[in-house]
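Colleague: Quick one: the structure is below, questions incoming.
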Amino acid sequence: MKSFRSRIITAVLTASFLSIAITVFYGVRTIDQSQRLAVRDRLVSDAAMAADYYPKTGGAAKDLYTLLSGRMHLKGVRLTVMDPSGTIVFDSAKPKDGSFDNHKDRPEVIEAMKSGSGYSTRDSASLGLELAYATSAIEGGGVLRLAVPMENVHRAIHDRTELFIQVGIWAALISLVIAFLVSQALRRSFSPMIDIVEAIAAGRFNRRIRKYPGKEFEPLARAVNSMAEGIEEQVHAYADQTAQLEAVLNTMEDGVLVLGPRGHIRRCNLALERAFPGVGNARGRQCVEVIPHPALQKTVDEILSSPSDGTARTVSLHLGLTSGQVFSVLLSRPAQPDPRFGLVAVFRDVTELMRLEQVRRDFVANVSHELRTPLTAISGWGETLLADRERDQIQLHRGLRIILNESRRLSTMVEELLEFSKMEDGRFTLQLEEMDLQAEFEDAIFTYRELFRQEGIELRYEPGEEILPPISGDPERLKQVFCNVLDNAAKHGGAGRRIDASLTREGTNQVVRVRDYGPGVPAAELPYVKQKFYKGSSKARGSGIGLAVCDEIVRLHGGTFDIANAEGGGAVVTICIPEKE
């Protein structure tokens with residue numbers, strides 16, 4: 001009874017069986033009544049006819065019975081003639097005990113004596129059978145009675161009832177076939193709509209009912225088509241919104257994490273997956289399982305467990321991971337949160353910002369220290385020379401030399417800061433001209449060789465035999481690069497007491513190499529040594545922006561500026577400048 005088809009068949013069969021049962025019941029009753037009435041009418045008619053004919057036989061009842069048996073419609077008829085006193089004069093049937101009772105008290109006899117005719121059905125006291133009696137008055141005050149067994153009537157009723165039941169059974173079988181055919185037709189009518197609904201449920205929203213299954217189902221078919229169109233539009237709109245959201249989230253540099261009302265991961269963008277591999281496959285898990293930081297999970301739990309007061313809640317915190325990364329996390333819960341929504345966490349990688357901030361603080365401290373040292377020396381020696389006018393020439397010369405050197409160093413530092421300022425503002429430009437790179441490099445070598453010798457450092461340079469072609473460059477800027485590199489080699493590698501310099505031609509490039517024999521650069525600091533303000537673990541004096549300026553100058557010349565550790569110790573700086581095309 002769960003299927004619509006079985007319900008239709010059951011309903012049709014039930015209606016058919018009820019109709020047939022009612023028809024058979026009332027039909028049987030009608031047949032019974034009609035048969036009894038027919039027997040009564042015929043028997044009463046035959047009794048009246050026999051009563052009219054009886055005087056013509058001269059009272060010979062036996063001859064009358066013979067005549068009646070051949071002409072009457074009813075079989076097994078019994079003829080009884082009685083006088084006015086109710087005594088039996090003639091009876092065609094013999095009683096069981098051989099004698100007849102007085103019949104004056106019989107209902108049909110009483111009725112005939114009163115009205116001329118009578119009728120009744122009852123069991124015969126003399127024969128022990130159920131009979132139908134019809135009486136009619138005869139001349140002389142007697143009564144003629146005809147009787148037939150009711151068994152004949154019952155047999156006729158049974159025959160007609162049996163035929164009626166057979167007709168009912170055939171009608172039930174025909175109803176069953178009709179119900180099956182109707183259910184099949186309904187099933188064929190519903191099949192297209194069922195297929196469409198199943199297709200829609202499977203995601204094929206473009207399916208439609210093209211042929212309507214009958215006029216009765218046309219509104220339902222139209223409703224199914226309308227539903228499919230509405231769902232398709234909504235799905236497309238949702239897919240479009242989802243695609244836009246995915247595009248926005250995946251183009252963000254910040255990581256985005258969406259949590260459910262119980263803190264379970266709902267979705268994330270590509271930036272977060274790059275920062276925390278595995279979070280994309282962690283839907284339904286707690287964020288602490290993929291982002292191992294207890295403070296984050298604690299903050300999430302506090303926000304989600306706190307009741308909403310109608311205002312948006314935002315909490316920010318910094319996460320320092322064991323990998324060295326630092327994230328600034330902003331957790332936000334809307335003012336009117338949806339029961340299915342928890343909060344959004346935005347992760348911004350501030351590792352580089354934190355490092356630059358630390359570099360900036362170090363730069364300010366370093367520059368302050370570097371400026372204080374020469375200023376202190378200049379101020380101190382100036383005051384000393386002014387106060388002691390009788391100082392000998394040697395001490396005077398020494399003081400003036402210190403003042404001059406510190407002034408130059410101070411001037412160099414200020415020049416580096418100005419150059420860096422121009423580089424940051426985009427005002428750092430080159431004055432390109434045809435120049436001899438070898439001449440400029442050898443001038444720098446000549447300038448620093450004597451200075452290094454005074455400090456106990458040997459500067460080795462062997463000019464090559466090949467004459468290098470001129471290049472297009474800025475002589476002042478490139479000489480600035482050479483001087484800065486040589487100065488750094490002395491400051492950072494002076495403990496090796498030796499610096500090697502060379503200029504060679506490699507392909508279409510002219511390559512300058514400067515190597516010191518000091519401790520070299522720690523491997524962890526190599527990626528950062530050219531960055532602005534970076535000094536690393538070096539204790540050498542300086543602002544930390546000289547190498548950044550040199551790198552920018554070489555880059556503007558279309559070349560490369562590399563720093564690496566040399567085999568056997570020390571660091572090597574390689575400057576590659578392309579020749580003119």
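Going by the structure tokens order, chains are called A, B, ..., each with residues numbered from 1, while ligands are numbered from 1 in the order shown.
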Leaving out range 495-510 of chain A and any residue of its chain fewer than 5 positions from it, which residues lie within 7 Å of it when counting only C-alpha atoms, given as a list in words?

Modeller: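 The residues satisfying every condition are Gly456, Ile457, Glu458, Leu459, Arg460, Tyr461, Glu462, Arg515, Asp516, Tyr517, Gly518, Cys576, Ile577, Pro578 and Glu579 of chain A.
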
Colleague: Output the selection as a CSV table (one decimal), in the first residue's frame - all heavy atoms for each residue.

Modeller:
```csv
chain,number,residue,atom,x,y,z
A,456,GLY,N,97.4,47.4,7.6
A,456,GLY,CA,97.9,46.1,7.6
A,456,GLY,C,97.2,45.1,6.7
A,456,GLY,O,97.3,43.9,6.9
A,457,ILE,N,96.5,45.6,5.7
A,457,ILE,CA,95.7,44.7,4.8
A,457,ILE,C,96.3,44.8,3.4
A,457,ILE,O,96.5,45.9,2.9
A,457,ILE,CB,94.2,45.1,4.8
A,457,ILE,CG1,93.6,45.0,6.2
A,457,ILE,CG2,93.5,44.2,3.8
A,457,ILE,CD1,92.2,45.6,6.2
A,458,GLU,N,96.6,43.7,2.8
A,458,GLU,CA,97.2,43.7,1.5
A,458,GLU,C,96.1,43.5,0.4
A,458,GLU,O,95.2,42.6,0.5
A,458,GLU,CB,98.1,42.5,1.3
A,458,GLU,CG,98.8,42.4,-0.1
A,458,GLU,CD,99.6,41.1,-0.2
A,458,GLU,OE1,99.7,40.3,0.7
A,458,GLU,OE2,100.2,41.0,-1.3
A,459,LEU,N,96.1,44.5,-0.5
A,459,LEU,CA,95.1,44.5,-1.6
A,459,LEU,C,95.8,44.1,-2.9
A,459,LEU,O,96.6,44.8,-3.4
A,459,LEU,CB,94.5,45.9,-1.8
A,459,LEU,CG,93.5,46.1,-2.9
A,459,LEU,CD1,92.3,45.1,-2.9
A,459,LEU,CD2,93.0,47.5,-3.0
A,460,ARG,N,95.4,42.9,-3.4
A,460,ARG,CA,96.1,42.3,-4.5
A,460,ARG,C,95.2,42.5,-5.8
A,460,ARG,O,94.0,42.2,-5.7
A,460,ARG,CB,96.3,40.8,-4.4
A,460,ARG,CG,97.3,40.5,-3.3
A,460,ARG,CD,97.6,39.0,-3.2
A,460,ARG,NE,98.6,38.6,-2.2
A,460,ARG,CZ,99.0,37.4,-2.0
A,460,ARG,NH1,98.5,36.4,-2.7
A,460,ARG,NH2,99.9,37.2,-1.0
A,461,TYR,N,95.8,43.1,-6.8
A,461,TYR,CA,95.1,43.3,-8.1
A,461,TYR,C,96.1,43.1,-9.2
A,461,TYR,O,97.1,43.8,-9.2
A,461,TYR,CB,94.4,44.6,-8.1
A,461,TYR,CG,93.8,45.0,-9.5
A,461,TYR,CD1,92.7,44.3,-10.0
A,461,TYR,CD2,94.5,45.9,-10.3
A,461,TYR,CE1,92.2,44.6,-11.3
A,461,TYR,CE2,94.0,46.2,-11.6
A,461,TYR,CZ,92.8,45.5,-12.0
A,461,TYR,OH,92.4,45.8,-13.3
A,462,GLU,N,95.8,42.3,-10.1
A,462,GLU,CA,96.6,42.1,-11.3
A,462,GLU,C,95.8,42.4,-12.5
A,462,GLU,O,94.9,41.7,-12.9
A,462,GLU,CB,97.2,40.6,-11.4
A,462,GLU,CG,98.1,40.2,-10.3
A,462,GLU,CD,99.4,41.0,-10.4
A,462,GLU,OE1,99.7,41.5,-11.5
A,462,GLU,OE2,100.1,41.1,-9.3
A,515,ARG,N,87.3,39.6,-3.2
A,515,ARG,CA,87.2,38.6,-2.2
A,515,ARG,C,88.1,38.9,-1.0
A,515,ARG,O,89.2,39.4,-1.1
A,515,ARG,CB,87.7,37.2,-2.8
A,515,ARG,CG,87.8,36.1,-1.7
A,515,ARG,CD,88.4,34.9,-2.2
A,515,ARG,NE,88.5,33.9,-1.1
A,515,ARG,CZ,89.0,32.7,-1.2
A,515,ARG,NH1,89.5,32.3,-2.3
A,515,ARG,NH2,89.0,31.9,-0.1
A,516,ASP,N,87.5,38.7,0.2
A,516,ASP,CA,88.3,38.8,1.4
A,516,ASP,C,88.5,37.5,2.0
A,516,ASP,O,88.0,36.5,1.6
A,516,ASP,CB,87.5,39.8,2.4
A,516,ASP,CG,86.2,39.2,2.9
A,516,ASP,OD1,86.2,38.1,3.5
A,516,ASP,OD2,85.1,39.8,2.6
A,517,TYR,N,89.3,37.4,3.1
A,517,TYR,CA,89.7,36.2,3.7
A,517,TYR,C,89.3,36.2,5.2
A,517,TYR,O,90.0,35.6,6.0
A,517,TYR,CB,91.2,35.9,3.5
A,517,TYR,CG,91.6,35.5,2.1
A,517,TYR,CD1,91.8,36.5,1.2
A,517,TYR,CD2,91.7,34.2,1.7
A,517,TYR,CE1,92.1,36.2,-0.1
A,517,TYR,CE2,92.0,33.9,0.4
A,517,TYR,CZ,92.2,34.9,-0.5
A,517,TYR,OH,92.5,34.6,-1.8
A,518,GLY,N,88.2,36.9,5.4
A,518,GLY,CA,87.7,36.9,6.8
A,518,GLY,C,86.8,35.8,7.1
A,518,GLY,O,86.9,34.7,6.5
A,576,CYS,N,78.5,42.0,-12.1
A,576,CYS,CA,78.5,41.7,-13.6
A,576,CYS,C,77.8,42.8,-14.3
A,576,CYS,O,76.6,43.1,-14.0
A,576,CYS,CB,77.7,40.4,-13.8
A,576,CYS,SG,77.7,39.9,-15.5
A,577,ILE,N,78.5,43.5,-15.2
A,577,ILE,CA,78.0,44.7,-15.9
A,577,ILE,C,78.0,44.3,-17.4
A,577,ILE,O,79.1,43.9,-18.0
A,577,ILE,CB,78.8,45.9,-15.7
A,577,ILE,CG1,79.0,46.3,-14.2
A,577,ILE,CG2,78.2,47.1,-16.5
A,577,ILE,CD1,77.7,46.6,-13.6
A,578,PRO,N,76.9,44.4,-18.1
A,578,PRO,CA,76.8,44.0,-19.5
A,578,PRO,C,77.5,45.1,-20.4
A,578,PRO,O,77.4,46.3,-20.0
A,578,PRO,CB,75.3,43.9,-19.8
A,578,PRO,CG,74.7,44.8,-18.8
A,578,PRO,CD,75.5,44.7,-17.6
A,579,GLU,N,78.1,44.6,-21.5
A,579,GLU,CA,78.7,45.6,-22.4
A,579,GLU,C,77.7,46.2,-23.3
A,579,GLU,O,76.5,45.7,-23.3
A,579,GLU,CB,79.8,44.9,-23.2
A,579,GLU,CG,81.0,44.4,-22.4
A,579,GLU,CD,82.0,43.6,-23.2
A,579,GLU,OE1,81.6,43.3,-24.4
A,579,GLU,OE2,83.0,43.3,-22.7
```

Colleague: Taking into account only C-alpha atoms, which residue in the set A:Ala134, A:Leu418, A:Ala335, A:Ala15 is nearest to Pro307 in chain A?

Modeller: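 The answer is A:Ala335, which sits nearest to Pro307 in chain A.
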
Colleague: What is the CA of Arg7 in chain A-CA of Ala221 in chain A distance in Å, reported with one decimal?

Modeller: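 About the pair CA of Arg7 in chain A and CA of Ala221 in chain A: they are 21.5 Å apart.
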
Colleague: Just asking: which residues within range 429-573 of chain A are helix (DSSP H, G or I) according to DSSP, as an MDAnalysis selection string?

Modeller: chainID A and resid 437:454 475:496 523:528 546:556

Colleague: What gap, in Å, lies between CA of Thr299 in chain A and CA of Val315 in chain A?

Modeller: 8.1 Å

Colleague: Might you pull out every residue within 9 Å of range 433-450 of chain A, with only C-alpha atoms counted and same-chain residues fewer than 5 positions away left off, and present them as JSON, numbers by chain?

Modeller: {"A": [455, 457, 458, 459, 460, 461, 463, 467, 468, 469, 470, 471, 472, 473, 474, 475, 476, 478, 479, 480, 482, 483, 486, 487, 501, 503, 510, 512, 577, 580]}

Colleague: Choose the residue, out of A:Ala61, A:Ala38, A:Leu417, A:Ala112, that has the smallest atom-to-atom separation from Gly546 in chain A; count only C-alpha atoms.

Modeller: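 Answer, going by the shortest atom-to-atom distance: A:Leu417.
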
Colleague: List the neighbours of Leu68 in chain A out to 12 Å using only C-alpha atoms; skip same-chain residues closer than 3 positions along the sequence, and give me the result as a list in words.

Modeller: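 In the requested format, the answer is Leu43, Asp46, Ala47, Ala48, Met49, Ala50, Ala51, Tyr53, Tyr54, Ala61, Lys62, Asp63, Leu64, Tyr65, Arg71, Met72, His73, Leu74, Lys75, Gly76, Val77, Arg78, Leu79, Ser92, Leu146 and Ala147 of chain A.
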
Colleague: Could those residues be written to a file, using N, CA, C and O atoms, as a short mmCIF file (atom, residue, chain, number, x, y, z; two decimals), in the first residue's frame?

Modeller:
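And here is the file that came out, result.cif:
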```cif
data_model
loop_
_atom_site.label_atom_id
_atom_site.label_comp_id
_atom_site.auth_asym_id
_atom_site.auth_seq_id
_atom_site.Cartn_x
_atom_site.Cartn_y
_atom_site.Cartn_z
N LEU A 43 -50.15 -19.03 -8.79
CA LEU A 43 -50.90 -20.01 -8.01
C LEU A 43 -52.31 -19.50 -7.71
O LEU A 43 -53.30 -20.27 -7.80
N ASP A 46 -54.22 -19.73 -10.97
CA ASP A 46 -54.60 -21.11 -11.30
C ASP A 46 -55.69 -21.62 -10.36
O ASP A 46 -56.58 -22.40 -10.77
N ALA A 47 -55.63 -21.22 -9.08
CA ALA A 47 -56.67 -21.64 -8.12
C ALA A 47 -58.02 -21.07 -8.53
O ALA A 47 -59.06 -21.76 -8.46
N ALA A 48 -58.07 -19.82 -8.92
CA ALA A 48 -59.34 -19.21 -9.35
C ALA A 48 -59.87 -19.90 -10.61
O ALA A 48 -61.08 -20.14 -10.75
N MET A 49 -58.95 -20.20 -11.54
CA MET A 49 -59.36 -20.88 -12.77
C MET A 49 -59.90 -22.28 -12.46
O MET A 49 -60.93 -22.73 -13.02
N ALA A 50 -59.20 -22.99 -11.54
CA ALA A 50 -59.67 -24.33 -11.17
C ALA A 50 -61.02 -24.29 -10.49
O ALA A 50 -61.87 -25.16 -10.68
N ALA A 51 -61.21 -23.26 -9.63
CA ALA A 51 -62.50 -23.12 -8.94
C ALA A 51 -63.62 -22.86 -9.95
O ALA A 51 -64.75 -23.37 -9.78
N TYR A 53 -63.67 -23.94 -13.02
CA TYR A 53 -63.82 -25.11 -13.86
C TYR A 53 -64.37 -26.32 -13.09
O TYR A 53 -64.90 -27.25 -13.68
N TYR A 54 -64.23 -26.24 -11.76
CA TYR A 54 -64.62 -27.40 -10.94
C TYR A 54 -66.09 -27.78 -11.13
O TYR A 54 -66.42 -28.97 -11.26
N ALA A 61 -63.21 -34.31 -8.78
CA ALA A 61 -61.97 -33.61 -8.46
C ALA A 61 -60.76 -34.31 -9.07
O ALA A 61 -59.76 -33.66 -9.44
N LYS A 62 -60.88 -35.62 -9.21
CA LYS A 62 -59.73 -36.35 -9.74
C LYS A 62 -59.49 -35.97 -11.20
O LYS A 62 -58.33 -35.78 -11.62
N ASP A 63 -60.60 -35.85 -11.97
CA ASP A 63 -60.44 -35.45 -13.37
C ASP A 63 -59.89 -34.03 -13.47
O ASP A 63 -59.08 -33.71 -14.36
N LEU A 64 -60.33 -33.18 -12.51
CA LEU A 64 -59.83 -31.79 -12.51
C LEU A 64 -58.32 -31.75 -12.24
O LEU A 64 -57.57 -30.98 -12.84
N TYR A 65 -57.87 -32.62 -11.33
CA TYR A 65 -56.44 -32.65 -10.99
C TYR A 65 -55.63 -33.08 -12.20
O TYR A 65 -54.56 -32.52 -12.48
N ARG A 71 -51.93 -28.73 -17.61
CA ARG A 71 -52.04 -27.38 -18.14
C ARG A 71 -51.39 -26.31 -17.27
O ARG A 71 -51.09 -25.21 -17.74
N MET A 72 -51.13 -26.57 -16.01
CA MET A 72 -50.60 -25.54 -15.11
C MET A 72 -49.11 -25.32 -15.35
O MET A 72 -48.39 -26.23 -15.78
N HIS A 73 -48.69 -24.12 -15.06
CA HIS A 73 -47.28 -23.73 -15.24
C HIS A 73 -46.39 -24.33 -14.16
O HIS A 73 -45.18 -24.48 -14.37
N LEU A 74 -46.93 -24.60 -13.01
CA LEU A 74 -46.15 -25.06 -11.88
C LEU A 74 -46.11 -26.58 -11.84
O LEU A 74 -47.12 -27.25 -12.14
N LYS A 75 -45.01 -27.12 -11.45
CA LYS A 75 -44.84 -28.56 -11.35
C LYS A 75 -45.06 -28.99 -9.92
O LYS A 75 -44.80 -28.24 -8.97
N GLY A 76 -45.47 -30.25 -9.77
CA GLY A 76 -45.68 -30.81 -8.44
C GLY A 76 -46.84 -30.18 -7.71
O GLY A 76 -46.82 -30.08 -6.48
N VAL A 77 -47.90 -29.76 -8.44
CA VAL A 77 -49.02 -29.09 -7.81
C VAL A 77 -49.87 -30.11 -7.04
O VAL A 77 -49.97 -31.27 -7.40
N ARG A 78 -50.39 -29.65 -5.95
CA ARG A 78 -51.26 -30.47 -5.09
C ARG A 78 -52.65 -29.84 -5.08
O ARG A 78 -52.77 -28.63 -4.83
N LEU A 79 -53.67 -30.66 -5.32
CA LEU A 79 -55.06 -30.16 -5.35
C LEU A 79 -55.79 -30.71 -4.14
O LEU A 79 -55.75 -31.91 -3.85
N SER A 92 -54.90 -34.64 -3.59
CA SER A 92 -54.08 -35.40 -4.52
C SER A 92 -52.83 -35.98 -3.86
O SER A 92 -52.14 -36.81 -4.44
N LEU A 146 -54.93 -25.03 -4.10
CA LEU A 146 -53.79 -25.52 -4.84
C LEU A 146 -52.53 -25.26 -4.00
O LEU A 146 -52.40 -24.21 -3.36
N ALA A 147 -51.59 -26.19 -4.02
CA ALA A 147 -50.33 -26.05 -3.25
C ALA A 147 -49.17 -26.55 -4.09
O ALA A 147 -49.33 -27.55 -4.81
#
```

Colleague: Go ahead and compute the interatomic distance for CA of Gln297 in chain A and CA of Gly263 in chain A, in Å to one decimal.

Modeller: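 Straight-line distance from CA of Gln297 in chain A to CA of Gly263 in chain A works out to 8.5 Å.
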
Colleague: Using only C-alpha atoms, pick whichever of A:Leu13, A:Leu451, A:Leu304, A:Ala60 has the shortest atom-to-atom distance to Pro261 in chain A.

Modeller: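 Closest to Pro261 in chain A of all the choices is A:Leu304.
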
Colleague: If you run DSSP on this backbone, which residues of range 166-395 of chain A come out as strand (DSSP E or B), and could you give them as a VMD selection string?

Modeller: chain A and resid 255 to 259 264 to 268 286 313 to 320 326 to 333 343 to 349

Colleague: Just C-alpha atoms for this one: save the residues we selected as a PDB file, in the first residue's frame.

Modeller:
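What follows is the written file selection-v9.pdb:
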```pdb
ATOM      1  CA  GLY A 255      44.453  33.804   4.587  1.00  0.00           C
ATOM      2  CA  VAL A 256      40.737  33.477   5.362  1.00  0.00           C
ATOM      3  CA  LEU A 257      39.276  30.783   7.615  1.00  0.00           C
ATOM      4  CA  VAL A 258      35.507  30.328   8.126  1.00  0.00           C
ATOM      5  CA  LEU A 259      34.422  28.463  11.242  1.00  0.00           C
ATOM      6  CA  HIS A 264      34.665  23.513  13.186  1.00  0.00           C
ATOM      7  CA  ILE A 265      36.432  24.458   9.958  1.00  0.00           C
ATOM      8  CA  ARG A 266      33.948  25.234   7.164  1.00  0.00           C
ATOM      9  CA  ARG A 267      36.148  26.639   4.375  1.00  0.00           C
ATOM     10  CA  CYS A 268      39.393  28.461   3.662  1.00  0.00           C
ATOM     11  CA  GLN A 286      38.871  22.086  15.113  1.00  0.00           C
ATOM     12  CA  ARG A 313      32.747  41.454  18.030  1.00  0.00           C
ATOM     13  CA  THR A 314      36.305  41.647  16.757  1.00  0.00           C
ATOM     14  CA  VAL A 315      39.424  40.279  18.427  1.00  0.00           C
ATOM     15  CA  SER A 316      42.993  40.477  17.131  1.00  0.00           C
ATOM     16  CA  LEU A 317      46.055  38.587  18.245  1.00  0.00           C
ATOM     17  CA  HIS A 318      49.533  37.685  17.042  1.00  0.00           C
ATOM     18  CA  LEU A 319      50.574  34.097  16.497  1.00  0.00           C
ATOM     19  CA  GLY A 320      54.228  33.227  16.651  1.00  0.00           C
ATOM     20  CA  VAL A 326      54.382  35.500  12.704  1.00  0.00           C
ATOM     21  CA  PHE A 327      50.712  36.020  11.816  1.00  0.00           C
ATOM     22  CA  SER A 328      48.384  38.825  12.746  1.00  0.00           C
ATOM     23  CA  VAL A 329      44.947  37.222  13.166  1.00  0.00           C
ATOM     24  CA  LEU A 330      41.678  39.159  13.140  1.00  0.00           C
ATOM     25  CA  LEU A 331      38.681  37.160  14.379  1.00  0.00           C
ATOM     26  CA  SER A 332      35.284  38.654  13.626  1.00  0.00           C
ATOM     27  CA  ARG A 333      31.761  37.614  14.621  1.00  0.00           C
ATOM     28  CA  LEU A 343      33.123  33.467  12.831  1.00  0.00           C
ATOM     29  CA  VAL A 344      35.708  34.502  10.238  1.00  0.00           C
ATOM     30  CA  ALA A 345      39.436  34.587  10.928  1.00  0.00           C
ATOM     31  CA  VAL A 346      41.766  36.586   8.660  1.00  0.00           C
ATOM     32  CA  PHE A 347      45.451  35.636   8.803  1.00  0.00           C
ATOM     33  CA  ARG A 348      48.053  38.139   7.631  1.00  0.00           C
ATOM     34  CA  ASP A 349      51.665  37.046   7.457  1.00  0.00           C
TER      35      ASP A 349
END
```

Colleague: Could you give me, as a ChimeraX atom specification, the residues within 7 Å of range 564-568 of chain A, counting only C-alpha atoms and dropping anything in the same chain fewer than 3 positions from it?

Modeller: /A:520-521,571-573

Colleague: In terms of the shortest atom-to-atom distance over only C-alpha atoms, which of A:Met227, A:Gly260, A:Gly382, A:Trp170 is closest to Asp301 in chain A?

Modeller: A:Gly260

Colleague: Please list as a list in words every residue within 7 Å of range 101-108 of chain A, counting only C-alpha atoms and excluding residues in the same chain fewer than 6 positions away.

Modeller: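 Surrounding residues, per the criterion: Ser85, Gly86, Thr87, Ile88, Gly118, Tyr119, Ser120, Tyr133, Ala134 and Thr135 of chain A.
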